[in-house]
>>> print(open('target21.cif').read())   # mmCIF, C-alpha atoms; chains and numbers go by the auth columns
data_protein
#
loop_
_atom_site.group_PDB
_atom_site.id
_atom_site.type_symbol
_atom_site.label_atom_id
_atom_site.label_comp_id
_atom_site.label_asym_id
_atom_site.label_seq_id
_atom_site.Cartn_x
_atom_site.Cartn_y
_atom_site.Cartn_z
_atom_site.B_iso_or_equiv
_atom_site.auth_seq_id
_atom_site.auth_asym_id
ATOM 1 C CA MET A 1 -47.203 -57.365 -74.189 0.00 1 A
ATOM 2 C CA PRO A 2 -48.393 -53.797 -74.974 0.00 2 A
ATOM 3 C CA LEU A 3 -47.596 -51.181 -72.380 0.00 3 A
ATOM 4 C CA ASP A 4 -51.248 -50.541 -71.479 0.00 4 A
ATOM 5 C CA LEU A 5 -51.861 -54.238 -70.814 0.00 5 A
ATOM 6 C CA GLY A 6 -48.627 -54.440 -68.842 0.00 6 A
ATOM 7 C CA TYR A 7 -49.786 -51.497 -66.736 0.00 7 A
ATOM 8 C CA ALA A 8 -53.159 -53.185 -66.171 0.00 8 A
ATOM 9 C CA TRP A 9 -51.390 -56.419 -65.172 0.00 9 A
ATOM 10 C CA LEU A 10 -49.273 -54.544 -62.632 0.00 10 A
ATOM 11 C CA MET A 11 -52.272 -52.767 -61.076 0.00 11 A
ATOM 12 C CA ILE A 12 -54.261 -56.015 -60.785 0.00 12 A
ATOM 13 C CA PHE A 13 -51.205 -57.726 -59.321 0.00 13 A
ATOM 14 C CA LEU A 14 -50.835 -55.060 -56.624 0.00 14 A
ATOM 15 C CA ARG A 15 -54.531 -55.134 -55.700 0.00 15 A
ATOM 16 C CA GLY A 16 -54.532 -58.919 -55.536 0.00 16 A
ATOM 17 C CA LEU A 17 -51.332 -58.937 -53.488 0.00 17 A
ATOM 18 C CA GLY A 18 -52.994 -56.831 -50.813 0.00 18 A
ATOM 19 C CA VAL A 19 -55.913 -59.244 -50.603 0.00 19 A
ATOM 20 C CA ILE A 20 -53.708 -62.342 -50.395 0.00 20 A
ATOM 21 C CA LEU A 21 -51.465 -60.773 -47.756 0.00 21 A
ATOM 22 C CA LEU A 22 -54.275 -60.612 -45.190 0.00 22 A
ATOM 23 C CA PHE A 23 -56.383 -63.646 -46.014 0.00 23 A
ATOM 24 C CA PRO A 24 -55.931 -66.724 -43.804 0.00 24 A
ATOM 25 C CA THR A 25 -54.598 -70.117 -44.752 0.00 25 A
ATOM 26 C CA LEU A 26 -55.675 -73.628 -43.838 0.00 26 A
ATOM 27 C CA ALA A 27 -52.851 -74.217 -41.368 0.00 27 A
ATOM 28 C CA GLY A 28 -53.350 -70.907 -39.561 0.00 28 A
ATOM 29 C CA ARG A 29 -49.894 -69.731 -40.628 0.00 29 A
ATOM 30 C CA SER A 30 -48.839 -67.159 -43.153 0.00 30 A
ATOM 31 C CA LEU A 31 -47.901 -68.380 -46.596 0.00 31 A
ATOM 32 C CA PRO A 32 -44.313 -67.826 -47.739 0.00 32 A
ATOM 33 C CA ALA A 33 -43.766 -64.534 -49.502 0.00 33 A
ATOM 34 C CA MET A 34 -42.934 -66.170 -52.829 0.00 34 A
ATOM 35 C CA VAL A 35 -46.166 -68.194 -52.737 0.00 35 A
ATOM 36 C CA ARG A 36 -48.209 -65.058 -52.119 0.00 36 A
ATOM 37 C CA VAL A 37 -46.479 -63.237 -54.959 0.00 37 A
ATOM 38 C CA ALA A 38 -47.076 -66.226 -57.254 0.00 38 A
ATOM 39 C CA LEU A 39 -50.799 -66.346 -56.378 0.00 39 A
ATOM 40 C CA SER A 40 -51.155 -62.626 -57.020 0.00 40 A
ATOM 41 C CA ALA A 41 -49.341 -62.975 -60.347 0.00 41 A
ATOM 42 C CA CYS A 42 -51.708 -65.812 -61.266 0.00 42 A
ATOM 43 C CA LEU A 43 -54.726 -63.616 -60.533 0.00 43 A
ATOM 44 C CA ALA A 44 -53.256 -60.776 -62.578 0.00 44 A
ATOM 45 C CA SER A 45 -52.580 -63.105 -65.507 0.00 45 A
ATOM 46 C CA LEU A 46 -56.166 -64.350 -65.421 0.00 46 A
ATOM 47 C CA PHE A 47 -57.854 -60.951 -65.226 0.00 47 A
ATOM 48 C CA TYR A 48 -55.631 -58.386 -66.945 0.00 48 A
ATOM 49 C CA GLY A 49 -57.145 -58.891 -70.394 0.00 49 A
ATOM 50 C CA ILE A 50 -60.831 -58.972 -69.429 0.00 50 A
ATOM 51 C CA VAL A 51 -61.352 -56.323 -66.732 0.00 51 A
ATOM 52 C CA PRO A 52 -61.640 -52.548 -67.274 0.00 52 A
ATOM 53 C CA HIS A 53 -58.426 -50.613 -66.763 0.00 53 A
ATOM 54 C CA ALA A 54 -57.213 -47.062 -67.105 0.00 54 A
ATOM 55 C CA ALA A 55 -54.855 -45.762 -69.745 0.00 55 A
ATOM 56 C CA LEU A 56 -51.146 -45.645 -69.049 0.00 56 A
ATOM 57 C CA PRO A 57 -50.369 -42.421 -67.072 0.00 57 A
ATOM 58 C CA GLU A 58 -48.088 -39.863 -68.612 0.00 58 A
ATOM 59 C CA SER A 59 -45.769 -39.414 -65.618 0.00 59 A
ATOM 60 C CA HIS A 60 -43.964 -41.681 -63.193 0.00 60 A
ATOM 61 C CA GLY A 61 -45.548 -39.887 -60.255 0.00 61 A
ATOM 62 C CA LEU A 62 -49.046 -40.856 -61.385 0.00 62 A
ATOM 63 C CA ILE A 63 -47.939 -44.473 -61.792 0.00 63 A
ATOM 64 C CA ILE A 64 -46.504 -44.546 -58.261 0.00 64 A
ATOM 65 C CA THR A 65 -49.688 -42.947 -56.874 0.00 65 A
ATOM 66 C CA ALA A 66 -51.882 -45.473 -58.663 0.00 66 A
ATOM 67 C CA ALA A 67 -49.712 -48.368 -57.461 0.00 67 A
ATOM 68 C CA ALA A 68 -49.884 -47.173 -53.847 0.00 68 A
ATOM 69 C CA GLY A 69 -53.661 -46.786 -54.128 0.00 69 A
ATOM 70 C CA GLU A 70 -54.055 -50.310 -55.487 0.00 70 A
ATOM 71 C CA ILE A 71 -52.020 -51.744 -52.613 0.00 71 A
ATOM 72 C CA ILE A 72 -54.102 -49.844 -50.056 0.00 72 A
ATOM 73 C CA LEU A 73 -57.355 -50.951 -51.690 0.00 73 A
ATOM 74 C CA GLY A 74 -56.207 -54.580 -51.687 0.00 74 A
ATOM 75 C CA LEU A 75 -55.151 -54.381 -48.047 0.00 75 A
ATOM 76 C CA VAL A 76 -58.551 -52.965 -47.092 0.00 76 A
ATOM 77 C CA PHE A 77 -60.236 -55.824 -48.957 0.00 77 A
ATOM 78 C CA GLY A 78 -58.084 -58.314 -47.098 0.00 78 A
ATOM 79 C CA PHE A 79 -58.722 -56.590 -43.758 0.00 79 A
ATOM 80 C CA VAL A 80 -62.503 -56.745 -44.146 0.00 80 A
ATOM 81 C CA GLY A 81 -62.311 -60.361 -45.284 0.00 81 A
ATOM 82 C CA ARG A 82 -60.090 -61.236 -42.315 0.00 82 A
ATOM 83 C CA LEU A 83 -62.566 -59.910 -39.719 0.00 83 A
ATOM 84 C CA ALA A 84 -64.747 -63.047 -39.681 0.00 84 A
ATOM 85 C CA PHE A 85 -61.695 -65.123 -38.756 0.00 85 A
ATOM 86 C CA ALA A 86 -60.691 -62.574 -36.133 0.00 86 A
ATOM 87 C CA ALA A 87 -64.126 -63.013 -34.527 0.00 87 A
ATOM 88 C CA VAL A 88 -63.631 -66.791 -34.363 0.00 88 A
ATOM 89 C CA GLU A 89 -60.193 -66.329 -32.809 0.00 89 A
ATOM 90 C CA MET A 90 -61.643 -63.928 -30.247 0.00 90 A
ATOM 91 C CA GLY A 91 -64.396 -66.435 -29.461 0.00 91 A
ATOM 92 C CA GLY A 92 -61.776 -69.162 -29.019 0.00 92 A
ATOM 93 C CA ARG A 93 -59.845 -67.045 -26.532 0.00 93 A
ATOM 94 C CA LEU A 94 -63.017 -66.300 -24.579 0.00 94 A
ATOM 95 C CA ILE A 95 -63.976 -69.977 -24.547 0.00 95 A
ATOM 96 C CA ALA A 96 -60.508 -70.979 -23.332 0.00 96 A
ATOM 97 C CA ASN A 97 -60.806 -68.478 -20.501 0.00 97 A
ATOM 98 C CA GLU A 98 -64.284 -69.699 -19.511 0.00 98 A
ATOM 99 C CA ILE A 99 -63.494 -73.414 -19.405 0.00 99 A
ATOM 100 C CA GLY A 100 -60.141 -73.035 -17.657 0.00 100 A
ATOM 101 C CA LEU A 101 -57.688 -73.276 -20.554 0.00 101 A
ATOM 102 C CA THR A 102 -56.403 -69.742 -20.201 0.00 102 A
ATOM 103 C CA ALA A 103 -53.358 -68.998 -22.324 0.00 103 A
ATOM 104 C CA ALA A 104 -51.329 -65.914 -23.102 0.00 104 A
ATOM 105 C CA PRO A 105 -53.659 -63.596 -25.084 0.00 105 A
ATOM 106 C CA GLY A 106 -52.536 -62.344 -28.462 0.00 106 A
ATOM 107 C CA PHE A 107 -53.601 -60.126 -31.329 0.00 107 A
ATOM 108 C CA ASP A 108 -52.052 -62.134 -34.149 0.00 108 A
ATOM 109 C CA VAL A 109 -53.015 -65.530 -35.573 0.00 109 A
ATOM 110 C CA PRO A 110 -53.123 -67.918 -32.569 0.00 110 A
ATOM 111 C CA VAL A 111 -50.127 -70.222 -32.200 0.00 111 A
ATOM 112 C CA PRO A 112 -51.147 -73.834 -31.342 0.00 112 A
ATOM 113 C CA SER A 113 -48.407 -74.153 -28.723 0.00 113 A
ATOM 114 C CA GLN A 114 -49.644 -71.082 -26.827 0.00 114 A
ATOM 115 C CA GLU A 115 -53.361 -70.901 -27.625 0.00 115 A
ATOM 116 C CA PRO A 116 -54.440 -74.394 -28.722 0.00 116 A
ATOM 117 C CA LEU A 117 -58.199 -73.801 -28.598 0.00 117 A
ATOM 118 C CA ALA A 118 -58.133 -70.487 -30.445 0.00 118 A
ATOM 119 C CA ALA A 119 -55.777 -71.998 -33.034 0.00 119 A
ATOM 120 C CA LEU A 120 -58.084 -74.995 -33.459 0.00 120 A
ATOM 121 C CA LEU A 121 -61.121 -72.806 -34.082 0.00 121 A
ATOM 122 C CA SER A 122 -59.108 -70.601 -36.451 0.00 122 A
ATOM 123 C CA MET A 123 -58.119 -73.642 -38.519 0.00 123 A
ATOM 124 C CA PHE A 124 -61.720 -74.870 -38.414 0.00 124 A
ATOM 125 C CA ALA A 125 -62.889 -71.510 -39.789 0.00 125 A
ATOM 126 C CA GLY A 126 -60.289 -71.764 -42.568 0.00 126 A
ATOM 127 C CA VAL A 127 -61.568 -75.195 -43.554 0.00 127 A
ATOM 128 C CA LEU A 128 -65.157 -73.923 -43.570 0.00 128 A
ATOM 129 C CA PHE A 129 -64.100 -70.969 -45.738 0.00 129 A
ATOM 130 C CA PHE A 130 -63.137 -73.342 -48.543 0.00 130 A
ATOM 131 C CA ALA A 131 -65.800 -75.961 -47.774 0.00 131 A
ATOM 132 C CA PHE A 132 -68.571 -73.357 -48.112 0.00 132 A
ATOM 133 C CA GLY A 133 -67.098 -72.086 -51.385 0.00 133 A
ATOM 134 C CA ALA A 134 -66.526 -68.607 -49.951 0.00 134 A
ATOM 135 C CA HIS A 135 -63.307 -68.288 -51.941 0.00 135 A
ATOM 136 C CA PHE A 136 -65.388 -68.255 -55.135 0.00 136 A
ATOM 137 C CA GLY A 137 -67.398 -65.346 -53.764 0.00 137 A
ATOM 138 C CA VAL A 138 -64.208 -63.462 -52.939 0.00 138 A
ATOM 139 C CA LEU A 139 -62.837 -64.039 -56.447 0.00 139 A
ATOM 140 C CA THR A 140 -66.141 -62.864 -57.919 0.00 140 A
ATOM 141 C CA ALA A 141 -66.063 -59.711 -55.794 0.00 141 A
ATOM 142 C CA PHE A 142 -62.416 -59.166 -56.751 0.00 142 A
ATOM 143 C CA SER A 143 -63.206 -59.303 -60.478 0.00 143 A
ATOM 144 C CA ARG A 144 -66.342 -57.172 -60.015 0.00 144 A
ATOM 145 C CA SER A 145 -64.301 -54.548 -58.159 0.00 145 A
ATOM 146 C CA PHE A 146 -62.597 -53.536 -61.414 0.00 146 A
ATOM 147 C CA GLU A 147 -65.962 -52.561 -62.885 0.00 147 A
ATOM 148 C CA LEU A 148 -66.560 -50.166 -59.981 0.00 148 A
ATOM 149 C CA SER A 149 -62.926 -49.073 -59.629 0.00 149 A
ATOM 150 C CA PRO A 150 -60.894 -49.801 -62.807 0.00 150 A
ATOM 151 C CA ALA A 151 -57.328 -51.032 -62.563 0.00 151 A
ATOM 152 C CA GLY A 152 -55.108 -47.998 -62.144 0.00 152 A
ATOM 153 C CA VAL A 153 -57.894 -45.796 -60.745 0.00 153 A
ATOM 154 C CA PRO A 154 -58.351 -47.068 -57.160 0.00 154 A
ATOM 155 C CA SER A 155 -61.076 -45.324 -55.209 0.00 155 A
ATOM 156 C CA PHE A 156 -63.283 -45.854 -52.173 0.00 156 A
ATOM 157 C CA GLY A 157 -66.977 -45.206 -51.697 0.00 157 A
ATOM 158 C CA SER A 158 -68.249 -42.418 -49.486 0.00 158 A
ATOM 159 C CA GLY A 159 -69.409 -44.866 -46.807 0.00 159 A
ATOM 160 C CA SER A 160 -66.345 -47.110 -46.809 0.00 160 A
ATOM 161 C CA MET A 161 -64.956 -45.739 -43.541 0.00 161 A
ATOM 162 C CA MET A 162 -68.237 -46.260 -41.712 0.00 162 A
ATOM 163 C CA LEU A 163 -68.500 -49.761 -43.165 0.00 163 A
ATOM 164 C CA MET A 164 -65.048 -50.621 -41.822 0.00 164 A
ATOM 165 C CA LEU A 165 -65.996 -49.319 -38.378 0.00 165 A
ATOM 166 C CA ARG A 166 -69.217 -51.343 -38.342 0.00 166 A
ATOM 167 C CA SER A 167 -67.397 -54.455 -39.534 0.00 167 A
ATOM 168 C CA THR A 168 -64.765 -54.061 -36.835 0.00 168 A
ATOM 169 C CA ALA A 169 -67.438 -53.647 -34.159 0.00 169 A
ATOM 170 C CA HIS A 170 -69.177 -56.743 -35.499 0.00 170 A
ATOM 171 C CA VAL A 171 -66.065 -58.772 -34.624 0.00 171 A
ATOM 172 C CA ILE A 172 -66.708 -58.202 -30.914 0.00 172 A
ATOM 173 C CA GLU A 173 -70.393 -59.065 -31.275 0.00 173 A
ATOM 174 C CA LEU A 174 -69.739 -62.273 -33.205 0.00 174 A
ATOM 175 C CA GLY A 175 -66.946 -63.331 -30.848 0.00 175 A
ATOM 176 C CA PHE A 176 -69.235 -63.008 -27.830 0.00 176 A
ATOM 177 C CA ARG A 177 -72.059 -64.817 -29.631 0.00 177 A
ATOM 178 C CA ILE A 178 -69.744 -67.754 -30.336 0.00 178 A
ATOM 179 C CA ALA A 179 -68.589 -67.845 -26.707 0.00 179 A
ATOM 180 C CA ALA A 180 -72.013 -67.130 -25.161 0.00 180 A
ATOM 181 C CA PRO A 181 -72.928 -70.787 -24.391 0.00 181 A
ATOM 182 C CA PHE A 182 -69.620 -71.242 -22.570 0.00 182 A
ATOM 183 C CA ILE A 183 -70.060 -68.014 -20.633 0.00 183 A
ATOM 184 C CA GLY A 184 -73.513 -69.197 -19.542 0.00 184 A
ATOM 185 C CA LEU A 185 -72.141 -72.623 -18.620 0.00 185 A
ATOM 186 C CA ASN A 186 -69.402 -71.086 -16.497 0.00 186 A
ATOM 187 C CA PHE A 187 -71.917 -68.867 -14.729 0.00 187 A
ATOM 188 C CA LEU A 188 -74.208 -71.801 -13.882 0.00 188 A
ATOM 189 C CA ILE A 189 -71.337 -73.930 -12.569 0.00 189 A
ATOM 190 C CA ASN A 190 -70.009 -71.104 -10.409 0.00 190 A
ATOM 191 C CA LEU A 191 -73.491 -70.374 -9.114 0.00 191 A
ATOM 192 C CA ALA A 192 -74.119 -74.035 -8.251 0.00 192 A
ATOM 193 C CA PHE A 193 -70.807 -74.434 -6.440 0.00 193 A
ATOM 194 C CA SER A 194 -71.241 -71.180 -4.563 0.00 194 A
ATOM 195 C CA VAL A 195 -74.528 -72.512 -3.146 0.00 195 A
ATOM 196 C CA LEU A 196 -72.924 -75.904 -2.498 0.00 196 A
ATOM 197 C CA GLY A 197 -69.993 -74.274 -0.741 0.00 197 A
ATOM 198 C CA ARG A 198 -72.370 -72.516 1.624 0.00 198 A
ATOM 199 C CA ALA A 199 -74.195 -75.779 2.332 0.00 199 A
ATOM 200 C CA VAL A 200 -71.022 -77.865 2.785 0.00 200 A
ATOM 201 C CA PRO A 201 -68.295 -75.524 4.075 0.00 201 A
ATOM 202 C CA ARG A 202 -65.607 -78.222 4.223 0.00 202 A
ATOM 203 C CA MET A 203 -65.919 -79.039 0.516 0.00 203 A
ATOM 204 C CA ASN A 204 -63.113 -77.740 -1.664 0.00 204 A
ATOM 205 C CA VAL A 205 -65.354 -76.070 -4.228 0.00 205 A
ATOM 206 C CA PHE A 206 -62.502 -74.444 -6.146 0.00 206 A
ATOM 207 C CA VAL A 207 -60.839 -77.705 -7.121 0.00 207 A
ATOM 208 C CA LEU A 208 -64.103 -79.490 -7.878 0.00 208 A
ATOM 209 C CA SER A 209 -65.568 -76.592 -9.859 0.00 209 A
ATOM 210 C CA TYR A 210 -62.430 -76.315 -11.996 0.00 210 A
ATOM 211 C CA SER A 211 -62.562 -80.018 -12.925 0.00 211 A
ATOM 212 C CA LEU A 212 -66.286 -79.947 -13.636 0.00 212 A
ATOM 213 C CA ARG A 213 -66.006 -76.735 -15.635 0.00 213 A
ATOM 214 C CA LEU A 214 -63.278 -78.260 -17.776 0.00 214 A
ATOM 215 C CA LEU A 215 -65.209 -81.480 -18.451 0.00 215 A
ATOM 216 C CA ALA A 216 -68.486 -79.667 -19.150 0.00 216 A
ATOM 217 C CA GLY A 217 -66.654 -77.195 -21.388 0.00 217 A
ATOM 218 C CA PHE A 218 -65.138 -79.945 -23.518 0.00 218 A
ATOM 219 C CA ALA A 219 -68.537 -81.651 -23.763 0.00 219 A
ATOM 220 C CA LEU A 220 -70.126 -78.417 -24.935 0.00 220 A
ATOM 221 C CA LEU A 221 -67.244 -77.774 -27.312 0.00 221 A
ATOM 222 C CA ALA A 222 -67.841 -81.175 -28.938 0.00 222 A
ATOM 223 C CA GLY A 223 -71.222 -79.946 -30.158 0.00 223 A
ATOM 224 C CA ALA A 224 -70.295 -76.327 -30.863 0.00 224 A
ATOM 225 C CA GLY A 225 -69.079 -76.943 -34.412 0.00 225 A
ATOM 226 C CA ALA A 226 -72.561 -76.625 -35.883 0.00 226 A
ATOM 227 C CA LEU A 227 -73.117 -73.316 -34.062 0.00 227 A
ATOM 228 C CA ILE A 228 -69.834 -71.864 -35.327 0.00 228 A
ATOM 229 C CA ALA A 229 -70.535 -73.145 -38.844 0.00 229 A
ATOM 230 C CA ARG A 230 -73.960 -71.466 -38.834 0.00 230 A
ATOM 231 C CA TYR A 231 -72.483 -68.122 -37.845 0.00 231 A
ATOM 232 C CA LEU A 232 -69.674 -68.395 -40.392 0.00 232 A
ATOM 233 C CA TRP A 233 -72.053 -69.409 -43.175 0.00 233 A
ATOM 234 C CA ALA A 234 -73.892 -66.110 -42.734 0.00 234 A
ATOM 235 C CA GLU A 235 -70.622 -64.167 -42.578 0.00 235 A
ATOM 236 C CA PHE A 236 -69.123 -65.785 -45.669 0.00 236 A
ATOM 237 C CA ASP A 237 -72.390 -65.351 -47.566 0.00 237 A
ATOM 238 C CA VAL A 238 -72.374 -61.551 -47.211 0.00 238 A
ATOM 239 C CA LEU A 239 -68.590 -61.151 -47.511 0.00 239 A
ATOM 240 C CA PRO A 240 -68.559 -60.395 -51.285 0.00 240 A
ATOM 241 C CA PHE A 241 -71.195 -57.682 -50.804 0.00 241 A
ATOM 242 C CA ARG A 242 -69.216 -56.100 -47.964 0.00 242 A
ATOM 243 C CA LEU A 243 -66.133 -55.979 -50.156 0.00 243 A
ATOM 244 C CA LEU A 244 -68.011 -54.296 -52.994 0.00 244 A
ATOM 245 C CA GLU A 245 -69.645 -51.806 -50.619 0.00 245 A
ATOM 246 C CA LEU A 246 -66.185 -50.353 -50.048 0.00 246 A
ATOM 247 C CA LEU A 247 -66.113 -49.110 -53.659 0.00 247 A
ATOM 248 C CA PRO A 248 -68.040 -46.287 -55.337 0.00 248 A
ATOM 249 C CA PRO A 249 -71.539 -47.240 -56.518 0.00 249 A
ATOM 250 C CA PRO A 250 -72.030 -47.920 -60.224 0.00 250 A
ATOM 251 C CA VAL A 251 -72.897 -44.900 -62.321 0.00 251 A
#
>>> encode(input="target21.cif", output="structure tokens")
Amino acid sequence: MPLDLGYAWLMIFLRGLGVILLFPTLAGRSLPAMVRVALSACLASLFYGIVPHAALPESHGLIITAAAGEIILGLVFGFVGRLAFAAVEMGGRLIANEIGLTAAPGFDVPVPSQEPLAALLSMFAGVLFFAFGAHFGVLTAFSRSFELSPAGVPSFGSGSMMLMLRSTAHVIELGFRIAAPFIGLNFLINLAFSVLGRAVPRMNVFVLSYSLRLLAGFALLAGAGALIARYLWAEFDVLPFRLLELLPPPV
């Protein structure tokens, strides 16, 4: 392999590795390190001969700088792509709190033994990611990114920081939209039992409201899949455009 193609392969490998590091998996757990490296090497082998790339730098310092930039760019791609799943996990934690399945909150991928509902919704979002064909859009955006930022010349657009801030804020909005029906259900049940408790003082409203809230929450959850799928369809549809908006515009 010529040195310039080997350099292009390395830069594509590093950018792809950053993306694969942050993207979710079907089981809600991280892939083994060797599997992630193998997937990134597969992407590099597929793209290194067909995408634009820079010439081999003259010094080792420039190579190290380019490699670090490619890793950062890939990690930013993976971070933006991971936000839709973070919103679903946040919605799952809110739903668990509203229907009485409160578990220890976390900031990582939910563990089924500690947060069963959030983990279930996270796995459901992973299945929808592949069922909707969103992985093809991500691969298309990944290959298109080398036309806007060639391999070995990583760069960000002027509005990339603001885009990341807006995308992060959108996680909170989407999480509350997913959990909104359950928040409304909890409010109505608490309101009804507060009135009932005033009318029948001897009734143990706390025990009865907890049981009813749990049953009504599971009934609502049984039909919430279509709502979550609708929200995720819109998110996955615009995901490739959000990834490309991080890069400089075409000249």
>>> residues_near_point(input="target21.cif", point="(-70.6, -71.2, -24.6)", cutoff="12 Å", atoms="all atoms listed in the file", output="PDB file with C-alpha atoms, in the coordinates of the input")
ATOM      1  CA  GLY A  91     -64.396 -66.435 -29.461  1.00  0.00           C
ATOM      2  CA  GLY A  92     -61.776 -69.162 -29.019  1.00  0.00           C
ATOM      3  CA  ARG A  93     -59.845 -67.045 -26.532  1.00  0.00           C
ATOM      4  CA  LEU A  94     -63.017 -66.300 -24.579  1.00  0.00           C
ATOM      5  CA  ILE A  95     -63.976 -69.977 -24.547  1.00  0.00           C
ATOM      6  CA  ALA A  96     -60.508 -70.979 -23.332  1.00  0.00           C
ATOM      7  CA  ASN A  97     -60.806 -68.478 -20.501  1.00  0.00           C
ATOM      8  CA  GLU A  98     -64.284 -69.699 -19.511  1.00  0.00           C
ATOM      9  CA  ILE A  99     -63.494 -73.414 -19.405  1.00  0.00           C
ATOM     10  CA  GLY A 175     -66.946 -63.331 -30.848  1.00  0.00           C
ATOM     11  CA  PHE A 176     -69.235 -63.008 -27.830  1.00  0.00           C
ATOM     12  CA  ARG A 177     -72.059 -64.817 -29.631  1.00  0.00           C
ATOM     13  CA  ILE A 178     -69.744 -67.754 -30.336  1.00  0.00           C
ATOM     14  CA  ALA A 179     -68.589 -67.845 -26.707  1.00  0.00           C
ATOM     15  CA  ALA A 180     -72.013 -67.130 -25.161  1.00  0.00           C
ATOM     16  CA  PRO A 181     -72.928 -70.787 -24.391  1.00  0.00           C
ATOM     17  CA  PHE A 182     -69.620 -71.242 -22.570  1.00  0.00           C
ATOM     18  CA  ILE A 183     -70.060 -68.014 -20.633  1.00  0.00           C
ATOM     19  CA  GLY A 184     -73.513 -69.197 -19.542  1.00  0.00           C
ATOM     20  CA  LEU A 185     -72.141 -72.623 -18.620  1.00  0.00           C
ATOM     21  CA  ASN A 186     -69.402 -71.086 -16.497  1.00  0.00           C
ATOM     22  CA  PHE A 187     -71.917 -68.867 -14.729  1.00  0.00           C
ATOM     23  CA  LEU A 188     -74.208 -71.801 -13.882  1.00  0.00           C
ATOM     24  CA  ARG A 213     -66.006 -76.735 -15.635  1.00  0.00           C
ATOM     25  CA  ALA A 216     -68.486 -79.667 -19.150  1.00  0.00           C
ATOM     26  CA  GLY A 217     -66.654 -77.195 -21.388  1.00  0.00           C
ATOM     27  CA  PHE A 218     -65.138 -79.945 -23.518  1.00  0.00           C
ATOM     28  CA  ALA A 219     -68.537 -81.651 -23.763  1.00  0.00           C
ATOM     29  CA  LEU A 220     -70.126 -78.417 -24.935  1.00  0.00           C
ATOM     30  CA  LEU A 221     -67.244 -77.774 -27.312  1.00  0.00           C
ATOM     31  CA  ALA A 222     -67.841 -81.175 -28.938  1.00  0.00           C
ATOM     32  CA  GLY A 223     -71.222 -79.946 -30.158  1.00  0.00           C
ATOM     33  CA  ALA A 224     -70.295 -76.327 -30.863  1.00  0.00           C
ATOM     34  CA  GLY A 225     -69.079 -76.943 -34.412  1.00  0.00           C
ATOM     35  CA  LEU A 227     -73.117 -73.316 -34.062  1.00  0.00           C
ATOM     36  CA  ILE A 228     -69.834 -71.864 -35.327  1.00  0.00           C
TER      37      ILE A 228
END
>>> atom_distance(input="target21.cif", atom1="CA of Glu70 (chain A)", atom2="CA of Met11 (chain A)")
6.4 Å
>>> closest_residue(input="target21.cif", among="A:Ala8, A:Val127, A:Ala86, A:Val171", to="Leu46 (chain A)", atoms="all atoms listed in the file")
A:Ala8
>>> atom_distance(input="target21.cif", atom1="CA of Leu10 (chain A)", atom2="CA of Gly81 (chain A)")
22.5 Å
>>> residues_near_point(input="target21.cif", point="(-60.1, -48.7, -65.5)", cutoff="10 Å", atoms="all atoms listed in the file", output="VMD selection string")
chain A and resid 8 11 51 to 55 146 to 154
>>> resolve_selection(input="target21.cif", expression="the PyMOL selection byres ((chain A and resi 236) around 9)", output="PDB file with C-alpha atoms, in the coordinates of the input")
ATOM      1  CA  GLY A  81     -62.311 -60.361 -45.284  1.00  0.00           C
ATOM      2  CA  ALA A  84     -64.747 -63.047 -39.681  1.00  0.00           C
ATOM      3  CA  PHE A 129     -64.100 -70.969 -45.738  1.00  0.00           C
ATOM      4  CA  PHE A 132     -68.571 -73.357 -48.112  1.00  0.00           C
ATOM      5  CA  GLY A 133     -67.098 -72.086 -51.385  1.00  0.00           C
ATOM      6  CA  ALA A 134     -66.526 -68.607 -49.951  1.00  0.00           C
ATOM      7  CA  HIS A 135     -63.307 -68.288 -51.941  1.00  0.00           C
ATOM      8  CA  GLY A 137     -67.398 -65.346 -53.764  1.00  0.00           C
ATOM      9  CA  TYR A 231     -72.483 -68.122 -37.845  1.00  0.00           C
ATOM     10  CA  LEU A 232     -69.674 -68.395 -40.392  1.00  0.00           C
ATOM     11  CA  TRP A 233     -72.053 -69.409 -43.175  1.00  0.00           C
ATOM     12  CA  ALA A 234     -73.892 -66.110 -42.734  1.00  0.00           C
ATOM     13  CA  GLU A 235     -70.622 -64.167 -42.578  1.00  0.00           C
ATOM     14  CA  ASP A 237     -72.390 -65.351 -47.566  1.00  0.00           C
ATOM     15  CA  VAL A 238     -72.374 -61.551 -47.211  1.00  0.00           C
ATOM     16  CA  LEU A 239     -68.590 -61.151 -47.511  1.00  0.00           C
ATOM     17  CA  PRO A 240     -68.559 -60.395 -51.285  1.00  0.00           C
TER      18      PRO A 240
END
>>> closest_residue(input="target21.cif", among="A:Ile172, A:Cys42, A:Leu56, A:Leu208", to="Ser194 (chain A)", atoms="all atoms listed in the file")
A:Leu208
>>> residues_around(input="target21.cif", residues="Val80 (chain A)", least_positions_apart="5", cutoff="9 Å", atoms="all atoms listed in the file", output="count of residues only")
7
>>> atom_distance(input="target21.cif", atom1="CA of Leu101 (chain A)", atom2="CA of Ala192 (chain A)")
20.5 Å
>>> residues_around(input="target21.cif", residues="Gly74 (chain A)", least_positions_apart="4", cutoff="8 Å", atoms="only C-alpha atoms", output="list in words")
Leu14, Arg15, Gly16, Leu17, Gly18, Val19, Glu70 and Gly78 of chain A
>>> residues_around(input="target21.cif", residues="Tyr210 (chain A)", least_positions_apart="4", cutoff="10 Å", atoms="all atoms listed in the file", output="PyMOL selection string")
chain A and resi 99-100+186+189-190+205-206+214-216
>>> decode(input="target21.cif", residues="region 9-19 of chain A", atoms="C-alpha atoms", output="compact mmCIF listing (two decimals), in the first residue's frame")
# COMPACT_ATOMS: atom_id res chain seq x y z
CA TRP A 9 -6.63 4.65 5.84
CA LEU A 10 -5.31 5.63 9.27
CA MET A 11 -7.20 8.95 9.32
CA ILE A 12 -10.48 7.29 8.27
CA PHE A 13 -9.91 4.58 10.87
CA LEU A 14 -9.47 7.14 13.65
CA ARG A 15 -12.56 9.14 12.63
CA GLY A 16 -14.65 5.99 12.39
CA LEU A 17 -13.35 4.74 15.73
CA GLY A 18 -14.64 7.86 17.44
CA VAL A 19 -18.09 7.36 15.95
